[in-house]
$ cat final-v9.cif   # mmCIF, C-alpha atoms (C1' of nucleotides)
data_coords
#
loop_
_atom_site.label_atom_id
_atom_site.label_comp_id
_atom_site.auth_asym_id
_atom_site.auth_seq_id
_atom_site.Cartn_x
_atom_site.Cartn_y
_atom_site.Cartn_z
CA MET A 1 117.76 -45.20 -33.14
CA ILE A 2 120.46 -44.73 -35.75
CA GLU A 3 121.75 -41.30 -36.58
CA ILE A 4 120.99 -40.21 -40.09
CA PRO A 5 123.57 -37.78 -41.34
CA GLU A 6 121.81 -34.53 -41.88
CA LEU A 7 122.80 -33.21 -45.27
CA SER A 8 121.46 -34.05 -48.70
CA ILE A 9 123.78 -33.64 -51.66
CA GLY A 10 121.95 -30.47 -52.58
CA GLU A 11 122.58 -28.96 -49.19
CA VAL A 12 126.22 -29.92 -49.29
CA ALA A 13 126.41 -28.34 -52.72
CA ARG A 14 124.92 -25.09 -51.46
CA GLU A 15 127.09 -24.96 -48.37
CA SER A 16 130.29 -25.89 -50.09
CA GLY A 17 129.76 -23.96 -53.28
CA LYS A 18 130.51 -27.09 -55.30
CA ALA A 19 128.19 -28.53 -57.91
CA ALA A 20 126.40 -31.73 -56.96
CA SER A 21 127.89 -33.34 -60.04
CA ALA A 22 131.36 -32.47 -58.79
CA ILE A 23 130.60 -34.04 -55.42
CA ARG A 24 129.44 -37.24 -57.09
CA TYR A 25 132.56 -37.13 -59.23
CA TYR A 26 134.79 -36.82 -56.18
CA GLU A 27 133.10 -39.86 -54.74
CA GLU A 28 133.57 -41.77 -57.97
CA ILE A 29 137.32 -41.16 -58.00
CA GLY A 30 137.64 -42.04 -54.34
CA LEU A 31 138.29 -38.55 -53.10
CA LEU A 32 135.22 -38.60 -50.89
CA PRO A 33 134.07 -41.75 -49.08
CA GLU A 34 130.77 -43.26 -50.13
CA PRO A 35 128.14 -41.70 -47.92
CA VAL A 36 125.23 -43.43 -46.25
CA ARG A 37 122.16 -43.80 -48.47
CA VAL A 38 118.59 -43.28 -47.42
CA SER A 39 116.38 -44.86 -50.04
CA GLY A 40 119.05 -44.37 -52.62
CA ARG A 41 119.84 -40.80 -51.73
CA ARG A 42 123.18 -39.76 -50.35
CA ARG A 43 123.26 -38.39 -46.82
CA TYR A 44 126.32 -36.56 -45.61
CA PRO A 45 127.71 -35.68 -42.22
CA ARG A 46 128.29 -31.97 -41.71
CA ASP A 47 132.04 -32.22 -41.83
CA VAL A 48 132.07 -33.15 -45.49
CA VAL A 49 131.70 -29.44 -46.10
CA ARG A 50 135.01 -28.87 -44.42
CA THR A 51 136.60 -31.65 -46.41
CA LEU A 52 135.39 -29.95 -49.56
CA ALA A 53 136.98 -26.71 -48.38
CA VAL A 54 140.27 -28.52 -47.85
CA ILE A 55 140.00 -29.96 -51.33
CA GLU A 56 139.32 -26.62 -52.90
CA THR A 57 142.18 -24.92 -51.13
CA ALA A 58 144.66 -27.62 -51.96
CA GLN A 59 143.46 -27.61 -55.53
CA ARG A 60 143.86 -23.88 -55.90
CA ALA A 61 147.37 -24.25 -54.62
CA GLY A 62 148.09 -26.51 -57.55
CA LEU A 63 147.70 -30.00 -56.12
CA THR A 64 145.96 -32.49 -58.38
CA LEU A 65 142.97 -34.45 -57.16
CA ASP A 66 145.22 -37.47 -57.10
CA GLU A 67 147.62 -35.85 -54.70
CA ILE A 68 144.81 -34.53 -52.58
CA ARG A 69 143.38 -38.00 -52.38
CA LEU A 70 146.66 -39.21 -50.95
CA LEU A 71 146.55 -36.47 -48.34
CA LEU A 72 142.95 -37.14 -47.40
CA ARG A 73 143.20 -40.89 -47.33
CA ALA A 74 146.04 -40.44 -44.91
CA SER A 75 143.61 -39.09 -42.39
CA VAL A 76 141.20 -42.01 -42.44
CA ASP A 77 143.72 -44.77 -43.00
CA ASP A 78 145.79 -46.81 -40.63
CA VAL A 79 149.56 -47.00 -40.47
CA ALA A 80 151.82 -45.88 -43.32
CA ALA A 81 149.37 -43.05 -43.74
CA THR A 82 151.67 -40.46 -42.33
CA ASP A 83 154.46 -41.87 -44.45
CA ARG A 84 152.42 -41.33 -47.57
CA LEU A 85 151.55 -37.91 -46.36
CA ARG A 86 155.17 -37.05 -45.80
CA GLU A 87 156.07 -38.45 -49.18
CA VAL A 88 153.56 -36.27 -50.98
CA ALA A 89 154.62 -33.31 -48.91
CA GLU A 90 158.26 -33.69 -49.74
CA ARG A 91 157.65 -34.19 -53.41
CA LYS A 92 155.26 -31.30 -53.68
CA LEU A 93 156.90 -28.71 -51.48
CA PRO A 94 159.57 -27.52 -53.91
CA GLU A 95 156.97 -27.22 -56.64
CA LEU A 96 154.81 -25.17 -54.39
CA VAL A 97 157.63 -22.89 -53.39
CA ALA A 98 158.44 -22.40 -57.08
CA LEU A 99 154.79 -21.67 -57.76
CA ILE A 100 154.74 -18.99 -55.11
CA GLU A 101 157.89 -17.41 -56.48
CA ARG A 102 156.52 -17.33 -59.99
CA ALA A 103 153.23 -15.99 -58.82
CA GLU A 104 154.91 -13.18 -56.97
CA LEU A 105 157.00 -12.30 -59.97
CA VAL A 106 153.92 -12.10 -62.16
CA ARG A 107 152.12 -10.17 -59.47
CA GLY A 108 154.91 -7.64 -59.72
CA TRP A 109 154.39 -7.40 -63.46
CA LEU A 110 150.69 -7.00 -63.13
CA GLU A 111 150.93 -4.39 -60.42
CA ASP A 112 153.28 -2.38 -62.56
CA ALA A 113 151.05 -2.96 -65.55
CA ALA A 114 147.99 -1.82 -63.68
CA ARG A 115 149.49 1.60 -63.14
CA CYS A 116 151.48 1.67 -66.34
CA VAL A 117 151.23 4.86 -68.34
CA CYS A 118 153.86 4.17 -70.98
CA PRO A 119 152.67 5.23 -74.44
CA THR A 120 153.97 1.99 -75.89
CA LEU A 121 155.29 -1.09 -74.21
CA ASP A 122 158.62 -0.76 -75.95
CA ASP A 123 159.18 2.20 -73.66
CA CYS A 124 157.93 0.22 -70.72
CA PRO A 125 160.35 -1.28 -68.22
CA LEU A 126 158.00 -4.22 -67.77
CA PHE A 127 159.57 -6.50 -70.24
CA GLU A 128 163.22 -6.10 -69.53
CA PRO A 129 165.37 -9.22 -69.37
CA ALA A 130 166.36 -8.35 -65.82
CA ARG A 131 162.79 -8.99 -64.73
CA LEU A 132 162.68 -12.46 -66.13
CA PRO A 133 163.60 -15.57 -64.21
CA GLU A 134 166.84 -17.32 -64.99
CA ARG A 135 166.49 -20.53 -66.86
CA GLU A 136 168.32 -22.92 -64.68
CA HIS A 137 166.38 -26.07 -65.48
CA LEU A 138 167.47 -27.60 -62.25
CA LEU A 139 164.36 -29.69 -62.04
CA SER A 140 162.36 -31.48 -64.69
CA MET B 1 171.82 -9.05 -97.96
CA ILE B 2 168.91 -9.89 -95.75
CA GLU B 3 169.45 -11.12 -92.22
CA ILE B 4 168.24 -14.64 -91.67
CA PRO B 5 167.18 -15.17 -88.07
CA GLU B 6 169.52 -17.64 -86.60
CA LEU B 7 167.48 -20.25 -84.81
CA SER B 8 165.69 -23.30 -86.15
CA ILE B 9 162.68 -24.57 -84.25
CA GLY B 10 164.81 -27.37 -82.84
CA GLU B 11 167.33 -24.95 -81.43
CA VAL B 12 164.60 -22.80 -79.93
CA ALA B 13 163.15 -25.95 -78.44
CA ARG B 14 166.45 -26.89 -76.85
CA GLU B 15 167.18 -23.43 -75.54
CA SER B 16 163.72 -22.79 -74.21
CA GLY B 17 163.01 -26.25 -72.91
CA LYS B 18 159.72 -26.32 -74.82
CA ALA B 19 158.74 -29.02 -77.27
CA ALA B 20 158.76 -28.04 -80.92
CA SER B 21 155.13 -29.07 -81.12
CA ALA B 22 154.31 -26.63 -78.35
CA ILE B 23 156.08 -23.84 -80.19
CA ARG B 24 154.08 -24.57 -83.34
CA TYR B 25 150.96 -24.67 -81.24
CA TYR B 26 151.71 -21.26 -79.74
CA GLU B 27 152.08 -19.92 -83.24
CA GLU B 28 148.82 -21.49 -84.31
CA ILE B 29 146.88 -19.82 -81.53
CA GLY B 30 148.53 -16.48 -82.15
CA LEU B 31 150.68 -16.45 -79.07
CA LEU B 32 153.86 -16.29 -81.11
CA PRO B 33 154.07 -14.36 -84.36
CA GLU B 34 154.63 -16.33 -87.56
CA PRO B 35 158.37 -16.51 -88.05
CA VAL B 36 160.27 -16.08 -91.30
CA ARG B 37 160.55 -19.27 -93.36
CA VAL B 38 163.56 -20.50 -95.21
CA SER B 39 162.42 -23.10 -97.71
CA GLY B 40 159.47 -23.92 -95.56
CA ARG B 41 161.35 -24.10 -92.27
CA ARG B 42 160.77 -21.65 -89.48
CA ARG B 43 163.63 -19.35 -88.51
CA TYR B 44 163.48 -17.50 -85.23
CA PRO B 45 165.24 -14.45 -83.84
CA ARG B 46 167.07 -15.09 -80.59
CA ASP B 47 164.64 -13.15 -78.46
CA VAL B 48 161.86 -15.66 -79.01
CA VAL B 49 163.57 -17.67 -76.30
CA ARG B 50 162.95 -14.85 -73.87
CA THR B 51 159.35 -14.61 -74.98
CA LEU B 52 158.96 -18.29 -74.27
CA ALA B 53 160.40 -17.75 -70.80
CA VAL B 54 157.84 -14.99 -70.20
CA ILE B 55 155.10 -17.32 -71.35
CA GLU B 56 156.23 -20.10 -69.09
CA THR B 57 156.49 -17.89 -66.05
CA ALA B 58 153.11 -16.30 -66.59
CA GLN B 59 151.63 -19.70 -67.18
CA ARG B 60 153.05 -21.13 -64.01
CA ALA B 61 151.54 -18.24 -62.16
CA GLY B 62 148.16 -19.35 -63.37
CA LEU B 63 147.50 -17.17 -66.39
CA THR B 64 145.87 -18.89 -69.35
CA LEU B 65 147.43 -18.75 -72.80
CA ASP B 66 144.60 -16.45 -73.77
CA GLU B 67 145.48 -13.95 -71.09
CA ILE B 68 149.15 -14.20 -71.88
CA ARG B 69 148.37 -13.49 -75.50
CA LEU B 70 146.70 -10.27 -74.45
CA LEU B 71 149.76 -9.29 -72.47
CA LEU B 72 152.16 -10.14 -75.26
CA ARG B 73 150.19 -8.57 -78.03
CA ALA B 74 150.21 -5.41 -75.96
CA SER B 75 153.93 -5.15 -76.50
CA VAL B 76 153.83 -5.33 -80.29
CA ASP B 77 150.58 -3.45 -80.79
CA ASP B 78 149.80 0.19 -81.16
CA VAL B 79 147.57 2.28 -78.94
CA ALA B 80 144.97 0.76 -76.58
CA ALA B 81 147.61 -1.85 -75.90
CA THR B 82 148.41 -0.54 -72.47
CA ASP B 83 144.70 -0.30 -71.78
CA ARG B 84 144.26 -3.97 -72.54
CA LEU B 85 147.27 -4.72 -70.44
CA ARG B 86 145.89 -2.78 -67.52
CA GLU B 87 142.54 -4.45 -67.96
CA VAL B 88 144.03 -7.93 -67.77
CA ALA B 89 146.17 -6.87 -64.87
CA GLU B 90 143.29 -5.55 -62.85
CA ARG B 91 141.12 -8.55 -63.50
CA LYS B 92 143.86 -11.02 -62.74
CA LEU B 93 145.57 -9.44 -59.77
CA PRO B 94 143.04 -10.41 -57.11
CA GLU B 95 143.05 -13.97 -58.40
CA LEU B 96 146.79 -14.05 -58.23
CA VAL B 97 146.87 -12.68 -54.72
CA ALA B 98 144.34 -15.33 -53.72
CA LEU B 99 146.47 -17.97 -55.38
CA ILE B 100 149.50 -16.90 -53.41
CA GLU B 101 147.56 -16.96 -50.17
CA ARG B 102 146.22 -20.43 -50.84
CA ALA B 103 149.59 -21.68 -51.89
CA GLU B 104 151.16 -20.41 -48.71
CA LEU B 105 148.49 -22.03 -46.62
CA VAL B 106 149.06 -25.35 -48.30
CA ARG B 107 152.79 -24.88 -48.00
CA GLY B 108 152.24 -24.59 -44.29
CA TRP B 109 150.31 -27.84 -44.29
CA LEU B 110 152.93 -29.62 -46.29
CA GLU B 111 155.78 -28.36 -44.17
CA ASP B 112 154.03 -29.58 -41.07
CA ALA B 113 153.20 -32.82 -42.80
CA ALA B 114 156.78 -33.35 -43.85
CA ARG B 115 157.92 -33.40 -40.25
CA CYS B 116 154.76 -34.92 -38.86
CA VAL B 117 155.25 -37.79 -36.45
CA CYS B 118 151.68 -38.24 -35.30
CA PRO B 119 150.75 -41.91 -35.08
CA THR B 120 147.41 -41.17 -36.75
CA LEU B 121 146.14 -38.06 -38.39
CA ASP B 122 143.24 -37.81 -35.99
CA ASP B 123 145.82 -36.85 -33.40
CA CYS B 124 147.43 -34.49 -35.84
CA PRO B 125 146.82 -30.78 -35.63
CA LEU B 126 147.06 -30.55 -39.39
CA PHE B 127 143.41 -30.80 -40.12
CA GLU B 128 141.91 -28.51 -37.60
CA PRO B 129 139.19 -26.13 -38.71
CA ALA B 130 141.26 -23.17 -37.58
CA ARG B 131 143.75 -23.99 -40.31
CA LEU B 132 141.19 -23.84 -43.04
CA PRO B 133 140.31 -20.75 -45.00
CA GLU B 134 137.04 -19.01 -44.31
CA ARG B 135 134.42 -19.52 -46.92
CA GLU B 136 133.49 -15.99 -47.75
CA HIS B 137 132.60 -16.48 -51.37
CA LEU B 138 133.24 -12.84 -51.98
CA LEU B 139 134.15 -13.47 -55.57
CA SER B 140 132.79 -15.86 -58.14
"C1'" DG C 1 171.40 -42.13 -106.25
"C1'" DT C 2 170.41 -43.70 -101.09
"C1'" DG C 3 169.99 -42.63 -96.73
"C1'" DC C 4 169.58 -39.76 -92.64
"C1'" DT C 5 167.98 -35.95 -89.95
"C1'" DA C 6 165.28 -32.32 -89.05
"C1'" DG C 7 161.81 -30.16 -90.52
"C1'" DT C 8 156.63 -29.66 -92.58
"C1'" DT C 9 151.03 -30.31 -92.30
"C1'" DC C 10 146.87 -32.12 -90.58
"C1'" DA C 11 143.71 -34.78 -87.98
"C1'" DA C 12 143.11 -37.12 -84.07
"C1'" DG C 13 144.22 -38.46 -79.40
"C1'" DT C 14 145.14 -37.55 -74.32
"C1'" DC C 15 144.47 -35.97 -69.66
"C1'" DG C 16 142.35 -33.70 -65.77
"C1'" DG C 17 138.28 -32.15 -64.03
"C1'" DC C 18 134.14 -31.77 -64.44
"C1'" DT C 19 129.27 -30.84 -66.97
"C1'" DT C 20 125.40 -32.20 -69.68
"C1'" DG C 21 121.68 -34.93 -71.26
"C1'" DA C 22 118.72 -38.83 -71.32
"C1'" DT C 23 116.12 -41.57 -68.58
"C1'" DG C 24 114.40 -43.26 -64.25
"C1'" DT C 25 112.91 -43.28 -59.07
"C1'" DC C 26 110.90 -41.69 -54.92
"C1'" DA C 27 108.48 -38.93 -51.19
"C1'" DA C 28 105.80 -35.04 -50.19
"C1'" DG C 29 102.19 -31.57 -51.09
"C1'" DG C 30 97.83 -30.18 -53.04
"C1'" DC D 1 96.19 -39.75 -57.29
"C1'" DC D 2 99.04 -36.92 -59.70
"C1'" DT D 3 102.52 -33.66 -60.26
"C1'" DT D 4 106.72 -31.61 -58.86
"C1'" DG D 5 111.31 -31.49 -57.64
"C1'" DA D 6 115.21 -33.31 -55.95
"C1'" DC D 7 117.68 -37.06 -56.34
"C1'" DA D 8 119.79 -41.41 -58.97
"C1'" DT D 9 122.77 -43.71 -63.00
"C1'" DC D 10 125.34 -43.78 -67.16
"C1'" DA D 11 127.54 -42.40 -71.31
"C1'" DA D 12 129.09 -38.77 -73.72
"C1'" DG D 13 130.81 -34.20 -74.28
"C1'" DC D 14 133.86 -30.16 -73.30
"C1'" DC D 15 137.93 -27.16 -72.48
"C1'" DG D 16 142.75 -26.06 -72.25
"C1'" DA D 17 147.08 -27.28 -73.56
"C1'" DC D 18 149.39 -29.93 -75.80
"C1'" DT D 19 151.19 -34.61 -77.98
"C1'" DT D 20 151.15 -38.16 -81.32
"C1'" DG D 21 151.00 -40.35 -85.70
"C1'" DA D 22 150.96 -40.64 -90.56
"C1'" DA D 23 152.60 -38.98 -94.64
"C1'" DC D 24 155.60 -35.90 -96.93
"C1'" DT D 25 159.92 -32.72 -98.12
"C1'" DA D 26 164.44 -30.44 -98.28
"C1'" DG D 27 169.22 -30.43 -97.61
"C1'" DC D 28 173.48 -32.82 -96.58
"C1'" DA D 29 176.82 -37.04 -96.42
"C1'" DC D 30 178.47 -40.69 -98.78
#
$ encode --input "final-v9.cif" --output "structure tokens"
Amino acid sequence: MIEIPELSIGEVARESGKAASAIRYYEEIGLLPEPVRVSGRRRYPRDVVRTLAVIETAQRAGLTLDEIRLLLRASVDDVAATDRLREVAERKLPELVALIERAELVRGWLEDAARCVCPTLDDCPLFEPARLPEREHLLS
Amino acid sequence: MIEIPELSIGEVARESGKAASAIRYYEEIGLLPEPVRVSGRRRYPRDVVRTLAVIETAQRAGLTLDEIRLLLRASVDDVAATDRLREVAERKLPELVALIERAELVRGWLEDAARCVCPTLDDCPLFEPARLPEREHLLS
DNA sequence: GTGCTAGTTCAAGTCGGCTTGATGTCAAGG
DNA sequence: CCTTGACATCAAGCCGACTTGAACTAGCAC
């Protein structure tokens, strides 16, 4: 007998924390492969939950669904897949590093702000020029 | 005689790297204060460029314009300003820390991917469960 | 005056990432 | 058999953050 993948879209939704509509949307844009259907209903293998976790993580790190699709398709594709992967990686890495830098800068602000007791923010060292990033405009 | 702030919107745009339309938009949503007008044209003090840099940095770190407005208004407001600031800070800090974590995880992926030589990604250690974040769903 | 450039307003459009609503189908439980 | 509930499709709507386009104006050069 043929194996029927065990998860309905509702179960995947519960386990992944994503809305069913989002899962259908991901399928529509080619981010998730079309699952097997049993009398019209989608049936998913367990590991789609992990794929959804990868998607969420990558997304939170600032990758677009388009870029994530490139990464994911690399893993099911044939040759040239790793090339695409490397291409995305190299394009996105500097952005990501910049993101992390910025985020840490702002984290510094917020941590200071969280324990700030200055009567007014004009007295507060938070907004001094020294704490702002230089505008180099090296990239885009 | 009255001091006329020295920068036109075009100059601010050039110096800040923002589009003039974006600057007008920031004003419209209350993110920037309404500048002085000289025969209808906006005239800005130099320090608006710094404010725009603050905005950009905060934005890149994942704050919304709404949240940034709260932060900025804190600096020109009266009392309760620092309270609002602290409130935003405390709400946003955990998110930011999570963002940084995620970003570093993905950076790891991308760095590995950039030097990946696996013939196919099924052989590639990149997508192993161990490298994925735990789904705790502690927050939201 | 006649342009030109840089500004102005306002409404509408765009894009990514989904959500919502209308309408329909199907299998299981009472 | 009938209802319920989870699923299906499809078009349209929404939100944030802007951009674009049309139509107009003010100041300067010639």
$ interface_residues --input "final-v9.cif" --of "chain D" --to "chain B" --cutoff "12 Å" --atoms "only C-alpha atoms (C1' of nucleotides)" --output "tab-separated table (two decimals) with C-alpha atoms (C1' of nucleotides), keeping the file's coordinate frame"
chain	number	residue	atom	x	y	z
D	15	DC	C1'	137.93	-27.16	-72.48
D	16	DG	C1'	142.75	-26.06	-72.25
D	17	DA	C1'	147.08	-27.28	-73.56
D	18	DC	C1'	149.39	-29.93	-75.80
D	19	DT	C1'	151.19	-34.61	-77.98
D	20	DT	C1'	151.15	-38.16	-81.32
D	25	DT	C1'	159.92	-32.72	-98.12
D	26	DA	C1'	164.44	-30.44	-98.28
D	27	DG	C1'	169.22	-30.43	-97.61
$ closest_residue --input "final-v9.cif" --among "A:Val12, A:Val38, A:Leu7, A:Val54" --to "chain C" --atoms "all atoms listed in the file"
A:Val38
$ resolve_selection --input "final-v9.cif" --expression "the PyMOL selection byres ((chain D and resi 29) around 9)" --output "list in words"
DG3 and DC4 of chain C; DC28 and DC30 of chain D
$ write_last_selection --input "final-v9.cif" --atoms "C-alpha atoms (C1' of nucleotides)" --output "PDB file, keeping the file's coordinate frame"
ATOM      1  C1'  DG C   3     169.990 -42.630 -96.730  1.00  0.00           C
ATOM      2  C1'  DC C   4     169.580 -39.760 -92.640  1.00  0.00           C
TER       3       DC C   4
ATOM      4  C1'  DC D  28     173.480 -32.820 -96.580  1.00  0.00           C
ATOM      5  C1'  DC D  30     178.470 -40.690 -98.780  1.00  0.00           C
TER       6       DC D  30
END
$ resolve_selection --input "final-v9.cif" --expression "the PyMOL selection byres ((chain C) within 12 of (chain A))" --output "count of residues only"
9
$ resolve_selection --input "final-v9.cif" --expression "the PyMOL selection byres ((chain B) within 6 of (chain A))" --output "ChimeraX atom specification"
/B:61,75,86,89,100,102-103,110,113-114,121
$ atom_distance --input "final-v9.cif" --atom1 "atom CA of A:Glu28" --atom2 "atom C1' of C:DA12"
28.2 Å
$ atom_distance --input "final-v9.cif" --atom1 "atom CA of B:Arg37" --atom2 "atom C1' of C:DT8"
11.1 Å
$ closest_residue --input "final-v9.cif" --among "A:Glu11, A:Ile68, A:Gly30, A:Arg42" --to "D:DA8" --atoms "only C-alpha atoms (C1' of nucleotides)"
A:Arg42
